[in-house]
file final_26.cif (mmCIF, C-alpha atoms)
data_target
#
loop_
_atom_site.label_atom_id
_atom_site.label_comp_id
_atom_site.auth_asym_id
_atom_site.auth_seq_id
_atom_site.Cartn_x
_atom_site.Cartn_y
_atom_site.Cartn_z
CA MET W 30 -4.08 -10.35 -13.91
CA GLN W 31 -3.46 -13.54 -15.96
CA GLN W 32 0.29 -12.84 -15.99
CA LYS W 33 0.21 -12.28 -12.26
CA LEU W 34 -1.60 -15.62 -11.71
CA SER W 35 0.98 -17.41 -13.86
CA ALA W 36 3.75 -15.96 -11.72
CA VAL W 37 1.91 -17.09 -8.60
CA LEU W 38 1.62 -20.66 -9.92
CA LEU W 39 5.35 -20.72 -10.67
CA SER W 40 5.99 -19.51 -7.13
CA PHE W 41 3.88 -22.32 -5.72
CA GLY W 42 5.77 -24.86 -7.84
CA ALA W 43 9.10 -23.57 -6.58
CA VAL W 44 7.95 -23.89 -2.99
CA ALA W 45 6.78 -27.45 -3.62
CA VAL W 46 10.23 -28.37 -4.96
CA LEU W 47 11.89 -26.83 -1.92
CA LEU W 48 9.63 -28.70 0.48
CA ALA W 49 10.25 -31.97 -1.32
CA GLY W 50 13.97 -31.52 -0.76
CA CYS W 51 13.71 -30.95 2.99
CA ALA W 52 15.36 -33.48 5.29
CA ALA W 53 15.39 -33.98 9.03
CA PRO W 54 17.70 -31.46 10.71
CA SER W 55 20.96 -32.45 12.30
CA PRO W 56 20.86 -32.29 16.12
CA GLN W 57 23.80 -29.90 16.18
CA GLY W 58 22.76 -27.97 13.07
CA GLY W 59 26.05 -26.15 12.45
CA ASN W 60 26.38 -22.38 12.73
CA ALA W 61 23.47 -20.22 13.74
CA PRO W 62 21.46 -18.90 10.76
CA GLU W 63 21.19 -15.28 9.72
CA PRO W 64 18.85 -13.77 12.31
CA GLN W 65 15.27 -12.85 11.45
CA ASP W 66 14.61 -10.48 14.32
CA ALA W 67 11.02 -9.34 14.59
CA VAL W 68 10.70 -5.92 16.23
CA ALA W 69 7.53 -5.09 18.12
CA ASP W 70 5.96 -1.71 17.39
CA SER W 71 4.40 -0.40 20.59
CA THR W 72 2.65 2.33 18.56
CA ALA W 73 0.83 -0.32 16.52
CA MET W 74 -0.37 -1.97 19.72
CA SER W 75 -1.41 1.27 21.41
CA THR W 76 -3.20 2.50 18.26
CA THR W 77 -5.19 -0.74 18.12
CA LEU W 78 -6.09 -0.64 21.81
CA ASP W 79 -7.02 3.06 21.65
CA TYR W 80 -9.28 2.41 18.67
CA ILE W 81 -11.09 -0.31 20.63
CA GLU W 82 -11.32 1.89 23.71
CA ALA W 83 -12.79 4.80 21.73
CA GLY W 84 -15.64 2.61 20.50
CA LEU W 85 -15.62 0.44 17.41
CA PRO W 86 -17.38 1.68 14.26
CA ASP W 87 -20.51 0.23 12.73
CA LEU W 88 -19.46 -0.87 9.27
CA GLU W 89 -23.11 -1.54 8.34
CA GLY W 90 -22.75 -5.01 6.87
CA ALA W 91 -19.33 -4.60 5.27
CA SER W 92 -17.98 -7.91 3.97
CA LEU W 93 -14.71 -9.36 5.25
CA ALA W 94 -12.78 -12.40 4.00
CA PHE W 95 -10.86 -14.50 6.55
CA ILE W 96 -8.26 -16.31 4.42
CA VAL W 97 -6.27 -18.53 6.76
CA GLU W 98 -4.13 -21.65 6.87
CA CYS W 99 -6.47 -23.27 9.41
CA ALA W 100 -9.71 -22.69 11.29
CA THR W 101 -11.02 -26.06 12.48
CA GLN W 102 -7.95 -28.29 12.69
CA ASN W 103 -6.93 -27.66 16.31
CA ALA W 104 -7.83 -25.63 19.38
CA PHE W 105 -5.58 -22.72 18.40
CA CYS W 106 -7.19 -22.37 14.97
CA GLN W 107 -10.71 -22.79 16.37
CA THR W 108 -10.18 -20.13 19.04
CA ARG W 109 -8.71 -17.74 16.49
CA TRP W 110 -11.78 -18.17 14.27
CA GLU W 111 -14.01 -17.43 17.28
CA GLY W 112 -12.09 -14.19 17.87
CA ALA W 113 -12.54 -13.19 14.23
CA GLN W 114 -16.29 -13.83 14.33
CA ASP W 115 -16.71 -11.89 17.58
CA ALA W 116 -14.74 -8.94 16.23
CA ALA W 117 -16.70 -8.92 12.97
CA GLU W 118 -19.95 -8.88 14.92
CA ALA W 119 -18.63 -6.04 17.09
CA VAL W 120 -18.05 -3.87 14.01
CA GLY W 121 -21.26 -4.87 12.25
CA ALA W 122 -19.49 -6.73 9.45
CA LYS W 123 -20.17 -10.02 7.71
CA ILE W 124 -17.23 -12.41 7.68
CA THR W 125 -16.61 -15.36 5.37
CA LEU W 126 -14.14 -18.15 6.17
CA PHE W 127 -11.62 -19.51 3.66
CA ASP W 128 -9.85 -22.41 5.43
CA ALA W 129 -6.88 -23.78 3.44
CA GLY W 130 -6.24 -26.71 5.75
CA PHE W 131 -2.48 -25.97 5.57
CA ASP W 132 -2.50 -26.47 1.78
CA PRO W 133 -0.84 -23.62 -0.19
CA ASN W 134 -2.56 -24.64 -3.43
CA ALA W 135 -5.94 -24.52 -1.71
CA GLN W 136 -5.11 -21.08 -0.34
CA LEU W 137 -4.33 -19.78 -3.82
CA ALA W 138 -7.69 -21.01 -5.13
CA GLN W 139 -9.47 -19.51 -2.12
CA THR W 140 -7.68 -16.18 -2.59
CA GLN W 141 -8.83 -16.07 -6.20
CA ASP W 142 -12.36 -16.94 -5.10
CA ALA W 143 -12.33 -14.22 -2.46
CA ILE W 144 -11.19 -11.66 -5.01
CA LEU W 145 -14.05 -12.62 -7.33
CA GLN W 146 -16.49 -12.15 -4.45
CA ASP W 147 -15.20 -8.58 -4.03
CA PHE W 148 -14.96 -8.22 -0.24
CA ASP W 149 -14.43 -4.88 1.48
CA GLY W 150 -11.31 -6.13 3.26
CA TYR W 151 -9.17 -9.21 3.77
CA ILE W 152 -7.44 -10.98 6.64
CA LEU W 153 -4.57 -13.17 5.43
CA SER W 154 -2.76 -15.80 7.50
CA PRO W 155 -0.47 -17.41 4.92
CA VAL W 156 0.26 -21.11 4.70
CA ALA W 157 3.82 -20.27 3.66
CA ASP W 158 6.00 -17.17 3.25
CA ALA W 159 6.47 -17.16 -0.53
CA THR W 160 3.01 -18.34 -1.51
CA GLY W 161 1.43 -16.04 1.05
CA CYS W 162 3.33 -13.14 -0.46
CA ALA W 163 2.02 -14.03 -3.91
CA ASN W 164 -1.52 -14.18 -2.54
CA PHE W 165 -1.04 -10.82 -0.83
CA GLU W 166 0.05 -9.26 -4.13
CA LEU W 167 -3.14 -10.53 -5.77
CA LEU W 168 -5.26 -9.14 -2.93
CA GLN W 169 -3.39 -5.85 -3.03
CA GLU W 170 -4.42 -5.35 -6.66
CA THR W 171 -8.05 -5.10 -5.53
CA GLY W 172 -7.27 -1.83 -3.77
CA LYS W 173 -8.93 -3.14 -0.59
CA PRO W 174 -7.07 -3.29 2.75
CA VAL W 175 -5.31 -6.51 3.74
CA VAL W 176 -4.25 -7.33 7.31
CA ASN W 177 -1.64 -10.05 7.85
CA ILE W 178 -1.91 -12.20 10.99
CA ASN W 179 0.03 -15.06 12.57
CA SER W 180 2.84 -15.59 10.06
CA PRO W 181 5.11 -13.02 8.41
CA MET W 182 5.58 -13.21 4.64
CA CYS W 183 7.51 -11.83 1.67
CA GLY W 184 10.81 -12.61 3.40
CA ASN W 185 10.04 -10.19 6.22
CA ALA W 186 10.74 -10.90 9.88
CA ASP W 187 7.48 -9.18 10.83
CA TYR W 188 5.46 -6.44 9.11
CA THR W 189 5.07 -6.44 5.31
CA GLU W 190 4.93 -3.00 3.70
CA GLY W 191 1.56 -2.32 2.10
CA THR W 192 -0.51 -4.36 4.54
CA ALA W 193 -2.97 -2.60 6.83
CA GLY W 194 -1.39 -4.27 9.87
CA PHE W 195 0.41 -7.31 11.23
CA VAL W 196 -0.73 -9.08 14.41
CA ALA W 197 1.15 -12.15 15.59
CA MET W 198 3.30 -13.96 18.11
CA GLN W 199 5.01 -16.90 16.41
CA THR W 200 7.90 -15.12 14.72
CA GLU W 201 11.46 -16.42 14.91
CA SER W 202 12.12 -13.95 17.73
CA PHE W 203 9.22 -15.39 19.76
CA PHE W 204 10.63 -18.90 19.50
CA LEU W 205 14.08 -17.56 20.36
CA GLU W 206 12.66 -16.06 23.56
CA HIS W 207 11.09 -19.42 24.40
CA VAL W 208 14.19 -21.54 23.78
CA GLU W 209 16.59 -19.08 25.42
CA ASN W 210 14.37 -19.00 28.50
CA ALA W 211 14.68 -22.78 28.79
CA PHE W 212 18.41 -22.86 28.09
CA SER W 213 19.08 -20.03 30.56
CA LEU W 214 17.74 -22.20 33.37
CA CYS W 215 20.39 -24.88 32.79
CA GLU W 216 23.12 -24.91 35.42
CA GLY W 217 26.49 -26.04 34.10
CA GLU W 218 26.69 -28.54 31.26
CA CYS W 219 23.20 -29.45 30.09
CA GLU W 220 21.78 -31.88 27.53
CA ALA W 221 18.56 -30.85 25.76
CA ILE W 222 15.94 -32.45 23.52
CA ALA W 223 13.86 -30.42 21.03
CA VAL W 224 10.52 -31.43 19.49
CA GLY W 225 8.99 -29.28 16.75
CA GLY W 226 6.16 -29.34 14.23
CA PHE W 227 6.19 -30.30 10.54
CA ILE W 228 9.41 -30.33 8.51
CA GLY W 229 9.18 -27.95 5.57
CA SER W 230 6.73 -25.55 7.18
CA ASP W 231 7.74 -21.95 7.86
CA LEU W 232 6.81 -22.48 11.50
CA PHE W 233 9.28 -25.35 11.78
CA THR W 234 11.99 -23.33 10.03
CA ARG W 235 11.56 -20.44 12.46
CA TRP W 236 11.62 -22.93 15.35
CA GLU W 237 14.84 -24.55 14.09
CA ASN W 238 16.53 -21.20 13.45
CA ALA W 239 15.70 -20.10 16.98
CA ILE W 240 17.18 -23.28 18.45
CA GLN W 241 20.44 -22.89 16.55
CA ARG W 242 20.73 -19.25 17.58
CA ALA W 243 20.05 -20.13 21.22
CA LEU W 244 22.79 -22.78 21.11
CA GLU W 245 25.24 -20.07 20.04
CA SER W 246 24.27 -18.03 23.09
CA TYR W 247 24.39 -20.98 25.50
CA PRO W 248 27.47 -23.10 24.70
CA ASN W 249 26.90 -25.08 27.91
CA VAL W 250 23.82 -26.65 26.29
CA THR W 251 24.23 -29.67 24.03
CA LEU W 252 21.29 -30.55 21.81
CA VAL W 253 21.26 -34.37 21.78
CA SER W 254 18.02 -34.79 19.81
CA ASP W 255 16.18 -32.38 17.50
CA GLN W 256 13.23 -33.98 15.74
CA PRO W 257 9.83 -33.09 14.30
CA GLY W 258 6.83 -34.22 16.33
CA ASN W 259 4.26 -33.10 13.74
CA PHE W 260 2.19 -31.52 16.54
CA ASP W 261 1.16 -35.12 17.31
CA PRO W 262 1.34 -36.41 20.91
CA ALA W 263 1.94 -39.98 19.72
CA ALA W 264 4.86 -38.94 17.53
CA ALA W 265 6.32 -36.80 20.32
CA LEU W 266 6.08 -39.71 22.77
CA THR W 267 8.20 -41.90 20.49
CA VAL W 268 10.71 -39.14 19.77
CA VAL W 269 11.27 -38.30 23.43
CA GLN W 270 11.31 -41.88 24.71
CA ASP W 271 13.90 -42.87 22.11
CA ALA W 272 15.96 -39.73 22.79
CA LEU W 273 16.04 -40.37 26.53
CA LEU W 274 16.92 -44.05 26.15
CA ALA W 275 19.87 -43.00 23.99
CA ASN W 276 20.72 -39.94 26.14
CA PRO W 277 19.69 -40.72 29.73
CA ASP W 278 21.39 -37.58 31.10
CA ALA W 279 19.20 -35.15 29.14
CA GLU W 280 17.73 -32.59 31.54
CA ILE W 281 15.27 -30.56 29.48
CA VAL W 282 12.83 -30.85 26.59
CA VAL W 283 11.71 -27.82 24.57
CA SER W 284 8.47 -28.30 22.63
CA SER W 285 6.63 -25.97 20.25
CA TRP W 286 3.01 -26.88 21.08
CA ASP W 287 1.17 -27.82 24.29
CA ASP W 288 -0.93 -30.58 22.76
CA MET W 289 2.20 -32.23 21.37
CA THR W 290 3.79 -31.83 24.79
CA ARG W 291 1.28 -34.34 26.17
CA GLY W 292 3.31 -36.90 24.26
CA VAL W 293 6.58 -35.39 25.49
CA GLU W 294 5.46 -35.93 29.06
CA GLU W 295 4.42 -39.52 28.40
CA GLY W 296 7.69 -40.17 26.57
CA ILE W 297 9.59 -39.11 29.67
CA ARG W 298 7.53 -41.49 31.79
CA ALA W 299 7.99 -44.30 29.26
CA ALA W 300 11.75 -43.84 29.58
CA GLY W 301 11.44 -44.43 33.32
CA LYS W 302 11.85 -40.81 34.36
CA VAL W 303 9.68 -38.29 36.20
CA PRO W 304 8.54 -35.15 34.32
CA GLY W 305 9.34 -32.00 36.24
CA GLU W 306 11.94 -33.76 38.38
CA ASP W 307 14.31 -35.83 36.24
CA VAL W 308 13.49 -33.96 33.03
CA ARG W 309 12.12 -30.42 32.84
CA ILE W 310 9.57 -29.48 30.14
CA TYR W 311 9.24 -26.09 28.41
CA SER W 312 6.25 -25.89 26.08
CA VAL W 313 4.44 -23.33 23.89
CA GLY W 314 0.72 -22.61 23.93
CA GLY W 315 -0.55 -21.32 27.25
CA THR W 316 -3.49 -23.70 26.89
CA ASP W 317 -5.81 -24.73 29.69
CA TYR W 318 -4.15 -28.16 29.77
CA GLY W 319 -0.64 -26.75 29.64
CA VAL W 320 -1.21 -24.28 32.47
CA GLY W 321 -2.75 -27.11 34.50
CA GLN W 322 0.37 -29.24 34.00
CA VAL W 323 2.56 -26.33 35.07
CA GLU W 324 0.49 -25.88 38.23
CA ALA W 325 0.73 -29.63 38.88
CA GLY W 326 4.51 -29.51 38.62
CA ALA W 327 4.85 -31.80 35.59
CA TRP W 328 5.96 -28.96 33.27
CA ASP W 329 8.24 -26.10 34.20
CA SER W 330 6.53 -23.60 31.90
CA THR W 331 4.27 -22.98 28.94
CA THR W 332 4.80 -19.89 26.79
CA ILE W 333 1.65 -17.92 26.02
CA LEU W 334 -0.06 -17.80 22.63
CA LEU W 335 -3.19 -15.65 22.20
CA PRO W 336 -5.15 -16.86 19.16
CA TYR W 337 -8.37 -15.04 20.09
CA GLU W 338 -6.61 -11.66 20.33
CA GLU W 339 -4.62 -12.37 17.18
CA SER W 340 -7.71 -12.42 15.00
CA TYR W 341 -9.72 -9.93 17.08
CA TYR W 342 -7.02 -7.25 16.83
CA GLY W 343 -6.52 -8.11 13.16
CA ILE W 344 -10.22 -7.51 12.42
CA VAL W 345 -10.07 -4.27 14.42
CA GLN W 346 -7.15 -3.04 12.31
CA LEU W 347 -9.03 -4.02 9.16
CA ALA W 348 -12.16 -2.21 10.37
CA ARG W 349 -10.08 0.89 11.09
CA ALA W 350 -8.64 0.81 7.57
CA ILE W 351 -12.11 0.44 6.04
CA ASP W 352 -13.64 3.10 8.28
CA THR W 353 -10.92 5.75 8.22
CA GLY W 354 -8.51 4.74 5.45
CA GLU W 355 -5.71 4.66 8.02
CA MET W 356 -3.31 1.71 8.19
CA THR W 357 -1.65 0.31 11.33
CA PRO W 358 1.94 -0.20 10.16
CA GLY W 359 4.38 -2.18 12.27
CA PHE W 360 4.32 -5.39 14.27
CA THR W 361 1.49 -5.61 16.80
CA TYR W 362 3.18 -8.12 19.11
CA LEU W 363 0.70 -9.80 21.41
CA ALA W 364 3.31 -10.14 24.15
CA GLU W 365 2.52 -6.43 24.70
CA SER W 366 -1.21 -7.04 25.07
CA PRO W 367 -3.01 -6.24 28.35
CA LEU W 368 -3.66 -9.95 28.92
CA VAL W 369 0.09 -10.43 29.32
CA LEU W 370 1.25 -7.12 30.81
CA ASP W 371 -1.64 -6.76 33.26
CA GLY W 372 -1.81 -10.50 33.96
CA PRO W 373 1.19 -12.77 34.57
CA GLY W 374 3.61 -10.05 33.46
CA SER W 375 5.56 -12.54 31.37
CA LEU W 376 5.12 -14.77 28.34
CA PHE W 377 6.36 -17.68 30.42
CA ILE W 378 3.73 -19.23 32.67
CA THR W 379 5.29 -20.90 35.69
CA VAL W 380 3.94 -22.12 38.99
CA ASP W 381 4.75 -18.68 40.41
CA ASN W 382 2.57 -16.62 38.04
CA ALA W 383 0.00 -19.11 36.72
CA ASP W 384 -2.74 -17.61 38.90
CA GLY W 385 -2.38 -14.35 36.96
CA PHE W 386 -3.35 -15.91 33.65
CA THR W 387 -6.65 -17.39 32.45
CA PRO W 388 -6.18 -19.66 29.41
CA GLU W 389 -8.55 -18.94 26.52
CA TYR W 390 -8.40 -22.34 24.86
#
call {"tool": "encode", "arguments": {"input": "final_26.cif", "output": "structure tokens"}}
result
Amino acid sequence: MQQKLSAVLLSFGAVAVLLAGCAAPSPQGGNAPEPQDAVADSTAMSTTLDYIEAGLPDLEGASLAFIVECATQNAFCQTRWEGAQDAAEAVGAKITLFDAGFDPNAQLAQTQDAILQDFDGYILSPVADATGCANFELLQETGKPVVNINSPMCGNADYTEGTAGFVAMQTESFFLEHVENAFSLCEGECEAIAVGGFIGSDLFTRWENAIQRALESYPNVTLVSDQPGNFDPAAALTVVQDALLANPDAEIVVSSWDDMTRGVEEGIRAAGKVPGEDVRIYSVGGTDYGVGQVEAGAWDSTTILLPYEESYYGIVQLARAIDTGEMTPGFTYLAESPLVLDGPGSLFITVDNADGFTPEY
């Protein structure tokens, strides 16, 4: 185990060096990157739903560790933690939170702590791909089931072999769907602005890769500004206002988070333009605020995320592994969940289908 921990620490150091060397991306970005195509496994989804429908087991006080990159920092993380707690209660298990606050070093320490506490099963939402993989290998040595949620790891586009399941939305393929949807609605030559999260994060890398791939598919779209907004409305306001003052013909803005898109909208106004008329907005989140802005006509769409189901289904898959010893291999893609298929029928909430979707956060 000591040798394994030393290898993990070296892995964390390598990631830190890589992050320190990251720079702001070029607006045009060059050639599209090698694709990381996540492939949904409808069997994984149906198995999870069938297990719920058949009646969840009573695990009689089994202990679960919820080792995640965030739990209190924003509405997404808070709602996901609520889903985990509700699912744990439904299966009669005790759940303990390990919130890394987006810090990979903190997540390593918490993983070690969780192992010492000897839980019956683990949920892991990694801060980063490489460090998350190292943490997973440590957890795997316990012989207890580990379910991966939210972010793929170990260089995989989706499911990691050996986990008891993978439940998520925000893969590279998800962001590609979002950006291509926006670009496909451009008529003729079209200038676009992109606002993402934190440089150096896996989420930002997947976002950037998706944008570059979408540009390859839509040569009529020119990306005139591609900047991080750090999920901060104030930062997004400045980015978009400056981009529009320099590129007044830009028609669309693609954003990776509804709360940040508040700033996108205000940046458009600050540049003397009207959101939804002069500049169209395509956001990610499916939040109560975002859906409201779509219905009001200020945003063209918000793409659904389902944090509550992400953790709830993850706990269900973990409970199934503990109860029966059976894993749920494959990518349980929440775009195939009943909330989407039986609701709006699409990931993209527009004024035409907004009444078929009830935001959960």
call {"tool": "atom_distance", "arguments": {"input": "final_26.cif", "atom1": "CA of Val196 in chain W", "atom2": "CA of Leu334 in chain W"}}
result
12.0 Å
call {"tool": "resolve_selection", "arguments": {"input": "final_26.cif", "expression": "the PyMOL selection byres ((chain W and resi 112) around 6)", "output": "number ranges by chain"}}
result
W: 109-111, 113-115, 337, 340-341
call {"tool": "resolve_selection", "arguments": {"input": "final_26.cif", "expression": "the PyMOL selection byres ((chain W and resi 354-366) around 8)", "output": "MDAnalysis selection string"}}
result
chainID W and resid 67:74 76:77 187:188 190 192:198 335 338:339 346 349:353 367:370 375:376
call {"tool": "write_last_selection", "arguments": {"input": "final_26.cif", "atoms": "C-alpha atoms", "output": "PDB file, in the coordinates of the input"}}
result
ATOM      1  CA  ALA W  67      11.020  -9.340  14.590  1.00  0.00           C
ATOM      2  CA  VAL W  68      10.700  -5.920  16.230  1.00  0.00           C
ATOM      3  CA  ALA W  69       7.530  -5.090  18.120  1.00  0.00           C
ATOM      4  CA  ASP W  70       5.960  -1.710  17.390  1.00  0.00           C
ATOM      5  CA  SER W  71       4.400  -0.400  20.590  1.00  0.00           C
ATOM      6  CA  THR W  72       2.650   2.330  18.560  1.00  0.00           C
ATOM      7  CA  ALA W  73       0.830  -0.320  16.520  1.00  0.00           C
ATOM      8  CA  MET W  74      -0.370  -1.970  19.720  1.00  0.00           C
ATOM      9  CA  THR W  76      -3.200   2.500  18.260  1.00  0.00           C
ATOM     10  CA  THR W  77      -5.190  -0.740  18.120  1.00  0.00           C
ATOM     11  CA  ASP W 187       7.480  -9.180  10.830  1.00  0.00           C
ATOM     12  CA  TYR W 188       5.460  -6.440   9.110  1.00  0.00           C
ATOM     13  CA  GLU W 190       4.930  -3.000   3.700  1.00  0.00           C
ATOM     14  CA  THR W 192      -0.510  -4.360   4.540  1.00  0.00           C
ATOM     15  CA  ALA W 193      -2.970  -2.600   6.830  1.00  0.00           C
ATOM     16  CA  GLY W 194      -1.390  -4.270   9.870  1.00  0.00           C
ATOM     17  CA  PHE W 195       0.410  -7.310  11.230  1.00  0.00           C
ATOM     18  CA  VAL W 196      -0.730  -9.080  14.410  1.00  0.00           C
ATOM     19  CA  ALA W 197       1.150 -12.150  15.590  1.00  0.00           C
ATOM     20  CA  MET W 198       3.300 -13.960  18.110  1.00  0.00           C
ATOM     21  CA  LEU W 335      -3.190 -15.650  22.200  1.00  0.00           C
ATOM     22  CA  GLU W 338      -6.610 -11.660  20.330  1.00  0.00           C
ATOM     23  CA  GLU W 339      -4.620 -12.370  17.180  1.00  0.00           C
ATOM     24  CA  GLN W 346      -7.150  -3.040  12.310  1.00  0.00           C
ATOM     25  CA  ARG W 349     -10.080   0.890  11.090  1.00  0.00           C
ATOM     26  CA  ALA W 350      -8.640   0.810   7.570  1.00  0.00           C
ATOM     27  CA  ILE W 351     -12.110   0.440   6.040  1.00  0.00           C
ATOM     28  CA  ASP W 352     -13.640   3.100   8.280  1.00  0.00           C
ATOM     29  CA  THR W 353     -10.920   5.750   8.220  1.00  0.00           C
ATOM     30  CA  PRO W 367      -3.010  -6.240  28.350  1.00  0.00           C
ATOM     31  CA  LEU W 368      -3.660  -9.950  28.920  1.00  0.00           C
ATOM     32  CA  VAL W 369       0.090 -10.430  29.320  1.00  0.00           C
ATOM     33  CA  LEU W 370       1.250  -7.120  30.810  1.00  0.00           C
ATOM     34  CA  SER W 375       5.560 -12.540  31.370  1.00  0.00           C
ATOM     35  CA  LEU W 376       5.120 -14.770  28.340  1.00  0.00           C
TER      36      LEU W 376
END
call {"tool": "resolve_selection", "arguments": {"input": "final_26.cif", "expression": "the PyMOL selection byres ((chain W and resi 119-124) around 7)", "output": "JSON, numbers by chain"}}
result
{"W": [85, 86, 87, 88, 89, 90, 91, 92, 93, 94, 95, 114, 115, 116, 117, 118, 125, 126]}
call {"tool": "residues_around", "arguments": {"input": "final_26.cif", "residues": "Phe165 in chain W", "least_positions_apart": "4", "cutoff": "9 Å", "atoms": "only C-alpha atoms", "output": "ChimeraX atom specification"}}
result
/W:140,153,155,160-161,169-170,175,177,182-183,192
call {"tool": "closest_residue", "arguments": {"input": "final_26.cif", "among": "W:Asp66, W:Ser154, W:Glu220, W:Thr316", "to": "Thr200 in chain W", "atoms": "all atoms listed in the file"}}
result
W:Asp66
call {"tool": "residues_around", "arguments": {"input": "final_26.cif", "residues": "Cys215 in chain W", "least_positions_apart": "6", "cutoff": "9 Å", "atoms": "all atoms listed in the file", "output": "list in words"}}
result
Asn249, Val250, Glu280 and Ile281 of chain W
call {"tool": "closest_residue", "arguments": {"input": "final_26.cif", "among": "W:Ser312, W:Gly372, W:Leu347, W:Pro388", "to": "Asn210 in chain W", "atoms": "all atoms listed in the file"}}
result
W:Ser312
call {"tool": "closest_residue", "arguments": {"input": "final_26.cif", "among": "W:Cys219, W:Cys99, W:Ile178, W:Ile228", "to": "Arg309 in chain W", "atoms": "only C-alpha atoms"}}
result
W:Cys219
call {"tool": "atom_distance", "arguments": {"input": "final_26.cif", "atom1": "CA of Tyr318 in chain W", "atom2": "CA of Ala221 in chain W"}}
result
23.2 Å
call {"tool": "decode", "arguments": {"input": "final_26.cif", "residues": "range 110-126 of chain W", "atoms": "C-alpha atoms", "output": "short mmCIF file (atom, residue, chain, number, x, y, z; two decimals), in the first residue's frame"}}
result
data_model
loop_
_atom_site.label_atom_id
_atom_site.label_comp_id
_atom_site.auth_asym_id
_atom_site.auth_seq_id
_atom_site.Cartn_x
_atom_site.Cartn_y
_atom_site.Cartn_z
CA TRP W 110 -25.65 15.82 -2.48
CA GLU W 111 -29.40 15.95 -1.75
CA GLY W 112 -29.95 13.16 -4.28
CA ALA W 113 -27.25 11.05 -2.65
CA GLN W 114 -28.74 11.49 0.81
CA ASP W 115 -32.25 10.64 -0.40
CA ALA W 116 -31.03 7.52 -2.19
CA ALA W 117 -29.02 6.39 0.83
CA GLU W 118 -32.09 6.79 3.03
CA ALA W 119 -34.17 4.84 0.49
CA VAL W 120 -31.82 1.85 0.76
CA GLY W 121 -31.38 2.08 4.52
CA ALA W 122 -27.71 3.06 4.33
CA LYS W 123 -25.62 5.60 6.20
CA ILE W 124 -23.73 8.02 3.97
CA THR W 125 -20.69 10.12 4.82
CA LEU W 126 -19.62 13.14 2.77
#
